[in-house]
Amino acid sequence: MSARSLRITLTVLTVAGLGIAGYLTYVHYAEVQPVCTAGDSCIKVQSSVYSKLAGVPVALIGLLGYVSILGLLLARENENTRFAMMALTLVGFAFSGYLTYRELFSIHAICEWCATSAAILTVMAPLSVWRYLRHAPTLPTPRLYST
Amino acid sequence: MSRVKVQREPENLTRKQHRDHARARRKALQEAEVAAAVRQTRLRLLGIVVTVVAVGIVVVLLATGGNTKHGIPVSKAEQSSVVHEVSNEVGGIPQRANVLGEPTAPVTLQYFGDLECPVCRAFTLSALPSIIGRWVRGGELKIEYRSLETATREPEVFKAQQLAALAAGKQDRMWNFIETFYHEQGEEDSGYATESYIQGIASQVPGLDLTQWTSDRGDAALSSQLLSDGQAASAANLNGTPAFLIGRSGGTTSKLEPSSFTEPGSFNEAIAKLAKS
């Protein structure tokens with residue numbers, strides 16, 4: 001996979017995640033019922049004590065995370081942006097893993113929106129690690145010579 | 001990666017080629033060294049990030065895990081605080097069996113719950129106080145608490161705790177019992193709802209005659225009520241808790257699907273609409 005197609009893949013995934021997190025943030029603040037095929041599972045998850053972290057809705061935390069990742073993807077690519085992107089997706093992946101654990105073992109309900117976001121981050125995390133590790137290092141400017 | 005273009009000079013071809021070859025080897029070696037150093041740095045940074053993230057998640061797990069561990073407080077002061085809070089919420093409101101509110105209230109909300117259900121706890125502690133304060137105290141709403149087994153794994157434990165609540169209802173104190181239970185709910189699936197836990201909840205209900213309560217727990221009529229609650233839930237296609245049926249008192253009820261269990265908005269809207277009709 002070329003660097004360009006990898007970047008495009010990550011951007012598409014980020015935009016999808018952004019849409020989900022944005023929708024869940026809207027649902028939280030607008031106090032409307034989320035579209036959910038699994039009955040009231042989404043409301044249960046959104047109403048649980050785990051839907052907030054230190055008083056901040058996790059949907060909003062996710063939204064800010066995706067916005068930051070998108071910003072890094074759209075910025076001029078360099079070692080720092082690739083590192084920051086990798087770190088952010090790992091944080092997002094771990095956090096969505098924690099939320100899925102809570103859904104399965106504490107709330108006993110699965111929110112399909114959250115599960116989709118977790119799946120997106122599960123794909124993004126290894127891709128961004130690979131992107132960070134595989135990129136050829138920038139070498140010192142070679143001394144050009146001619147005779 | 002930069003490429004170096006070298007001009008060939010025919011008169012020094014062999015020596016030049018040799019020099020170029022040596023330069024290319026040096027360059028390749030330098031590139032390899034830089035690449036190895038960069039790779040090592042990246043792997044080290046990746047390791048740091050993974051460690052920090054893992055530690056962060058463990059901290060979050062421990063911090064949020066602690067929030068679910070409630071149970072009956074050990075200190076009398078904390079128990080008094082719960083009793084005080086529950087009394088503030090339901091004190092002075094008429095109770096009869098499983099009903100909280102004026103018997104003549106025009107709107108009835110049926111609340112199907114499982115005492116071990118954490119989302120029911122979230123609803124009872126977050127949205128319910130506001131609903132009780134605004135509508136039940138105002139005489140426009142009465143709430144019927146009905147049982148539906150969801151979170152409690154063992155049917156016999158479910159039956160024991162729900163019968164204990166219904167038995168408190170025989171002394172018109174069921175709402176004190178269930179509110180106290182939810183306030184002091186333990187960690188789900190930890191097997192906390194033992195006989196001594198149930199008695200501990202009952203002992204915090206002001207004015208409850210414990211001898212009478214113990215005797216009433218075996219009342220066959222209460223078991224029938226439990227069964228009837230389950231059948232009503234099935235008939236209304238209620239599969240999870242908390243679940244709600246709402247309607248004009250004495251009339252037909254319909255399922256209320258709130259947008260949130262912790263915010264009273266959807267409930268207020270539905271109650272207001274029915275109260276006006």
# chains A, B, ... in the order shown; residues from 1 in each chain; ligands from 1

$ select_by_dssp --residues "stretch 15-120 of chain A" --states "alpha helix (DSSP H)" --output "PyMOL selection string"
chain A and resi 15-30+41-47+58-74+79-102+112-120

$ write_last_selection --atoms "C-alpha atoms" --output "PDB file, in the first residue's frame"
ATOM      1  CA  VAL A  15     -14.346  10.807   8.679  1.00  0.00           C
ATOM      2  CA  ALA A  16     -16.604   7.799   9.358  1.00  0.00           C
ATOM      3  CA  GLY A  17     -15.589   7.821  13.044  1.00  0.00           C
ATOM      4  CA  LEU A  18     -16.099  11.574  13.163  1.00  0.00           C
ATOM      5  CA  GLY A  19     -19.631  11.138  11.842  1.00  0.00           C
ATOM      6  CA  ILE A  20     -20.459   8.534  14.490  1.00  0.00           C
ATOM      7  CA  ALA A  21     -18.949  10.511  17.365  1.00  0.00           C
ATOM      8  CA  GLY A  22     -20.643  13.670  16.101  1.00  0.00           C
ATOM      9  CA  TYR A  23     -24.005  11.928  15.954  1.00  0.00           C
ATOM     10  CA  LEU A  24     -23.644  10.494  19.466  1.00  0.00           C
ATOM     11  CA  THR A  25     -22.595  13.897  20.805  1.00  0.00           C
ATOM     12  CA  TYR A  26     -25.644  15.460  19.171  1.00  0.00           C
ATOM     13  CA  VAL A  27     -27.898  12.725  20.640  1.00  0.00           C
ATOM     14  CA  HIS A  28     -26.422  13.371  24.077  1.00  0.00           C
ATOM     15  CA  TYR A  29     -26.924  17.123  24.103  1.00  0.00           C
ATOM     16  CA  ALA A  30     -30.186  17.212  22.131  1.00  0.00           C
ATOM     17  CA  SER A  41     -29.355  -0.937  24.097  1.00  0.00           C
ATOM     18  CA  CYS A  42     -28.001   2.386  22.847  1.00  0.00           C
ATOM     19  CA  ILE A  43     -30.013   4.359  25.430  1.00  0.00           C
ATOM     20  CA  LYS A  44     -28.828   2.036  28.174  1.00  0.00           C
ATOM     21  CA  VAL A  45     -25.224   2.597  27.190  1.00  0.00           C
ATOM     22  CA  GLN A  46     -25.738   6.338  26.816  1.00  0.00           C
ATOM     23  CA  SER A  47     -27.545   6.530  30.154  1.00  0.00           C
ATOM     24  CA  VAL A  58     -17.361  10.023  26.098  1.00  0.00           C
ATOM     25  CA  ALA A  59     -19.038  10.827  22.765  1.00  0.00           C
ATOM     26  CA  LEU A  60     -17.576  14.336  22.989  1.00  0.00           C
ATOM     27  CA  ILE A  61     -14.153  12.926  23.919  1.00  0.00           C
ATOM     28  CA  GLY A  62     -14.380  10.689  20.839  1.00  0.00           C
ATOM     29  CA  LEU A  63     -15.410  13.602  18.657  1.00  0.00           C
ATOM     30  CA  LEU A  64     -12.430  15.683  19.796  1.00  0.00           C
ATOM     31  CA  GLY A  65     -10.151  12.686  19.234  1.00  0.00           C
ATOM     32  CA  TYR A  66     -11.360  12.158  15.664  1.00  0.00           C
ATOM     33  CA  VAL A  67     -11.101  15.890  14.912  1.00  0.00           C
ATOM     34  CA  SER A  68      -7.478  15.867  16.129  1.00  0.00           C
ATOM     35  CA  ILE A  69      -6.672  12.785  14.050  1.00  0.00           C
ATOM     36  CA  LEU A  70      -8.257  14.345  10.977  1.00  0.00           C
ATOM     37  CA  GLY A  71      -6.253  17.519  11.554  1.00  0.00           C
ATOM     38  CA  LEU A  72      -3.047  15.483  11.683  1.00  0.00           C
ATOM     39  CA  LEU A  73      -3.969  13.632   8.494  1.00  0.00           C
ATOM     40  CA  LEU A  74      -4.682  16.835   6.637  1.00  0.00           C
ATOM     41  CA  GLU A  79       7.735  12.444  11.479  1.00  0.00           C
ATOM     42  CA  ASN A  80       5.910  14.386  14.210  1.00  0.00           C
ATOM     43  CA  THR A  81       2.459  14.192  12.614  1.00  0.00           C
ATOM     44  CA  ARG A  82       2.863  10.464  11.966  1.00  0.00           C
ATOM     45  CA  PHE A  83       3.923   9.942  15.592  1.00  0.00           C
ATOM     46  CA  ALA A  84       1.074  12.041  16.998  1.00  0.00           C
ATOM     47  CA  MET A  85      -1.411  10.269  14.734  1.00  0.00           C
ATOM     48  CA  MET A  86      -0.122   6.870  15.874  1.00  0.00           C
ATOM     49  CA  ALA A  87      -0.292   7.886  19.545  1.00  0.00           C
ATOM     50  CA  LEU A  88      -3.827   9.267  19.199  1.00  0.00           C
ATOM     51  CA  THR A  89      -5.182   6.198  17.410  1.00  0.00           C
ATOM     52  CA  LEU A  90      -3.618   3.942  20.060  1.00  0.00           C
ATOM     53  CA  VAL A  91      -5.262   6.008  22.792  1.00  0.00           C
ATOM     54  CA  GLY A  92      -8.566   5.843  20.899  1.00  0.00           C
ATOM     55  CA  PHE A  93      -8.230   2.110  20.332  1.00  0.00           C
ATOM     56  CA  ALA A  94      -7.491   1.443  24.005  1.00  0.00           C
ATOM     57  CA  PHE A  95     -10.318   3.716  25.161  1.00  0.00           C
ATOM     58  CA  SER A  96     -12.849   2.125  22.812  1.00  0.00           C
ATOM     59  CA  GLY A  97     -11.627  -1.271  24.068  1.00  0.00           C
ATOM     60  CA  TYR A  98     -12.342  -0.126  27.625  1.00  0.00           C
ATOM     61  CA  LEU A  99     -15.826   1.096  26.625  1.00  0.00           C
ATOM     62  CA  THR A 100     -16.597  -2.184  24.846  1.00  0.00           C
ATOM     63  CA  TYR A 101     -15.516  -4.052  27.974  1.00  0.00           C
ATOM     64  CA  ARG A 102     -17.917  -1.907  30.026  1.00  0.00           C
ATOM     65  CA  GLU A 112     -23.976  -0.414  17.699  1.00  0.00           C
ATOM     66  CA  TRP A 113     -22.655   3.089  17.101  1.00  0.00           C
ATOM     67  CA  CYS A 114     -19.978   2.632  19.774  1.00  0.00           C
ATOM     68  CA  ALA A 115     -19.160  -0.840  18.419  1.00  0.00           C
ATOM     69  CA  THR A 116     -18.706   0.577  14.908  1.00  0.00           C
ATOM     70  CA  SER A 117     -16.420   3.300  16.212  1.00  0.00           C
ATOM     71  CA  ALA A 118     -14.436   0.644  18.114  1.00  0.00           C
ATOM     72  CA  ALA A 119     -14.133  -1.391  14.909  1.00  0.00           C
ATOM     73  CA  ILE A 120     -12.896   1.682  13.016  1.00  0.00           C
TER      74      ILE A 120
END

$ closest_atom_pairs --of "chain B" --to "chain A" --cutoff "7 Å" --atoms "only C-alpha atoms" --output "Markdown table"
| residue | atom | partner | partner_atom | distance |
| --- | --- | --- | --- | --- |
| B:Val4 | CA | A:Leu144 | CA | 6.3 |
| B:Val6 | CA | A:Ser146 | CA | 5.7 |
| B:Gln7 | CA | A:Ser146 | CA | 6.4 |
| B:Glu31 | CA | A:Leu139 | CA | 6.9 |
| B:Val34 | CA | A:Leu139 | CA | 6.9 |
| B:Ala35 | CA | A:Pro137 | CA | 5.9 |
| B:Val38 | CA | A:Pro137 | CA | 6.4 |
| B:Arg39 | CA | A:Leu133 | CA | 6.8 |
| B:Arg42 | CA | A:Leu133 | CA | 6.5 |
| B:Val49 | CA | A:Ala87 | CA | 6.2 |
| B:Val53 | CA | A:Val91 | CA | 5.9 |
| B:Ile57 | CA | A:Phe95 | CA | 6.9 |
| B:Val119 | CA | A:Ser48 | CA | 5.9 |
| B:Ala122 | CA | A:Ser48 | CA | 6.6 |
| B:Pro258 | CA | A:Gln33 | CA | 7.0 |
| B:Ser259 | CA | A:Gln33 | CA | 4.0 |
| B:Ser260 | CA | A:Ser47 | CA | 5.9 |
| B:Phe261 | CA | A:Ser47 | CA | 5.4 |
| B:Thr262 | CA | A:Ser47 | CA | 5.7 |

$ closest_residue --among "B:Ile143, B:Val157, B:Leu128, B:Val205" --to "B:Gln110" --atoms "only C-alpha atoms"
B:Ile143

$ closest_residue --among "B:Val83, B:Cys117, B:Leu43, B:Ile48" --to "B:Gly207" --atoms "only C-alpha atoms"
B:Val83

$ residues_around --residues "B:Pro264" --least-positions-apart "4" --cutoff "7 Å" --atoms "only C-alpha atoms" --output "JSON, numbers by chain"
{"B": [127, 130, 131, 268]}

$ residues_around --residues "B:Thr150" --least-positions-apart "2" --cutoff "9 Å" --atoms "only C-alpha atoms" --output "PyMOL selection string"
chain B and resi 113-114+116-117+148+152-153+239-241

$ atom_distance --atom1 "atom CA of B:Ile72" --atom2 "atom CA of B:Gln185"
7.6 Å

$ select_by_dssp --residues "chain A" --states "strand (DSSP E or B)" --output "list of chain:residue names"
A:Lys52, A:Leu53, A:Val56, A:Pro57

$ write_last_selection --atoms "N, CA and C atoms" --output "PDB file, in the first residue's frame"
ATOM      1  N   LYS A  52     -19.950   8.919  30.681  1.00  0.00           N
ATOM      2  CA  LYS A  52     -19.197  10.140  30.954  1.00  0.00           C
ATOM      3  C   LYS A  52     -17.898   9.772  31.651  1.00  0.00           C
ATOM      4  N   LEU A  53     -16.885  10.551  31.380  1.00  0.00           N
ATOM      5  CA  LEU A  53     -15.612  10.366  32.071  1.00  0.00           C
ATOM      6  C   LEU A  53     -15.267  11.704  32.698  1.00  0.00           C
ATOM      7  N   VAL A  56     -17.382  14.467  31.534  1.00  0.00           N
ATOM      8  CA  VAL A  56     -17.389  14.804  30.101  1.00  0.00           C
ATOM      9  C   VAL A  56     -17.958  13.609  29.326  1.00  0.00           C
ATOM     10  N   PRO A  57     -18.972  13.843  28.477  1.00  0.00           N
ATOM     11  CA  PRO A  57     -19.530  12.718  27.707  1.00  0.00           C
ATOM     12  C   PRO A  57     -18.453  12.053  26.856  1.00  0.00           C
TER      13      PRO A  57
END

$ atom_distance --atom1 "atom CA of B:Gly101" --atom2 "atom CA of B:Phe158"
25.5 Å

$ atom_distance --atom1 "atom CA of B:Gly250" --atom2 "atom CA of B:Trp135"
17.6 Å

$ closest_residue --among "A:Pro126, A:Asn78, A:Cys36, A:Leu10" --to "A:Ile110" --atoms "only C-alpha atoms"
A:Cys36

$ decode --residues "stretch 66-143 of chain A" --atoms "C-alpha atoms" --output "short mmCIF file (atom, residue, chain, number, x, y, z; two decimals), in the first residue's frame"
data_model
loop_
_atom_site.label_atom_id
_atom_site.label_comp_id
_atom_site.auth_asym_id
_atom_site.auth_seq_id
_atom_site.Cartn_x
_atom_site.Cartn_y
_atom_site.Cartn_z
CA TYR A 66 -11.36 12.16 15.66
CA VAL A 67 -11.10 15.89 14.91
CA SER A 68 -7.48 15.87 16.13
CA ILE A 69 -6.67 12.78 14.05
CA LEU A 70 -8.26 14.34 10.98
CA GLY A 71 -6.25 17.52 11.55
CA LEU A 72 -3.05 15.48 11.68
CA LEU A 73 -3.97 13.63 8.49
CA LEU A 74 -4.68 16.83 6.64
CA ALA A 75 -1.57 18.60 7.92
CA ARG A 76 1.71 18.39 6.04
CA GLU A 77 3.03 14.92 6.75
CA ASN A 78 6.24 14.58 8.72
CA GLU A 79 7.74 12.44 11.48
CA ASN A 80 5.91 14.39 14.21
CA THR A 81 2.46 14.19 12.61
CA ARG A 82 2.86 10.46 11.97
CA PHE A 83 3.92 9.94 15.59
CA ALA A 84 1.07 12.04 17.00
CA MET A 85 -1.41 10.27 14.73
CA MET A 86 -0.12 6.87 15.87
CA ALA A 87 -0.29 7.89 19.54
CA LEU A 88 -3.83 9.27 19.20
CA THR A 89 -5.18 6.20 17.41
CA LEU A 90 -3.62 3.94 20.06
CA VAL A 91 -5.26 6.01 22.79
CA GLY A 92 -8.57 5.84 20.90
CA PHE A 93 -8.23 2.11 20.33
CA ALA A 94 -7.49 1.44 24.01
CA PHE A 95 -10.32 3.72 25.16
CA SER A 96 -12.85 2.13 22.81
CA GLY A 97 -11.63 -1.27 24.07
CA TYR A 98 -12.34 -0.13 27.62
CA LEU A 99 -15.83 1.10 26.62
CA THR A 100 -16.60 -2.18 24.85
CA TYR A 101 -15.52 -4.05 27.97
CA ARG A 102 -17.92 -1.91 30.03
CA GLU A 103 -20.72 -2.52 27.53
CA LEU A 104 -20.22 -6.28 27.65
CA PHE A 105 -19.50 -6.82 31.32
CA SER A 106 -20.94 -3.85 33.22
CA ILE A 107 -23.89 -2.54 31.21
CA HIS A 108 -24.77 -5.80 29.42
CA ALA A 109 -25.87 -3.90 26.34
CA ILE A 110 -24.10 -3.12 23.11
CA CYS A 111 -24.48 0.23 21.41
CA GLU A 112 -23.98 -0.41 17.70
CA TRP A 113 -22.65 3.09 17.10
CA CYS A 114 -19.98 2.63 19.77
CA ALA A 115 -19.16 -0.84 18.42
CA THR A 116 -18.71 0.58 14.91
CA SER A 117 -16.42 3.30 16.21
CA ALA A 118 -14.44 0.64 18.11
CA ALA A 119 -14.13 -1.39 14.91
CA ILE A 120 -12.90 1.68 13.02
CA LEU A 121 -10.23 2.34 15.63
CA THR A 122 -9.27 -1.34 15.63
CA VAL A 123 -8.42 -0.98 11.94
CA MET A 124 -6.86 2.47 12.30
CA ALA A 125 -4.50 1.64 15.18
CA PRO A 126 -2.36 -0.99 13.40
CA LEU A 127 -2.46 1.00 10.16
CA SER A 128 -1.15 4.13 11.85
CA VAL A 129 1.53 2.14 13.71
CA TRP A 130 2.58 0.59 10.41
CA ARG A 131 2.57 4.02 8.74
CA TYR A 132 4.80 5.41 11.49
CA LEU A 133 7.27 2.53 11.52
CA ARG A 134 7.60 1.83 7.82
CA HIS A 135 8.25 5.35 6.59
CA ALA A 136 11.79 5.79 5.27
CA PRO A 137 13.80 8.02 7.58
CA THR A 138 14.86 11.42 6.40
CA LEU A 139 18.60 11.26 5.84
CA PRO A 140 21.03 14.09 6.28
CA THR A 141 21.46 16.09 3.10
CA PRO A 142 24.03 14.19 1.04
CA ARG A 143 27.11 15.91 -0.10
#
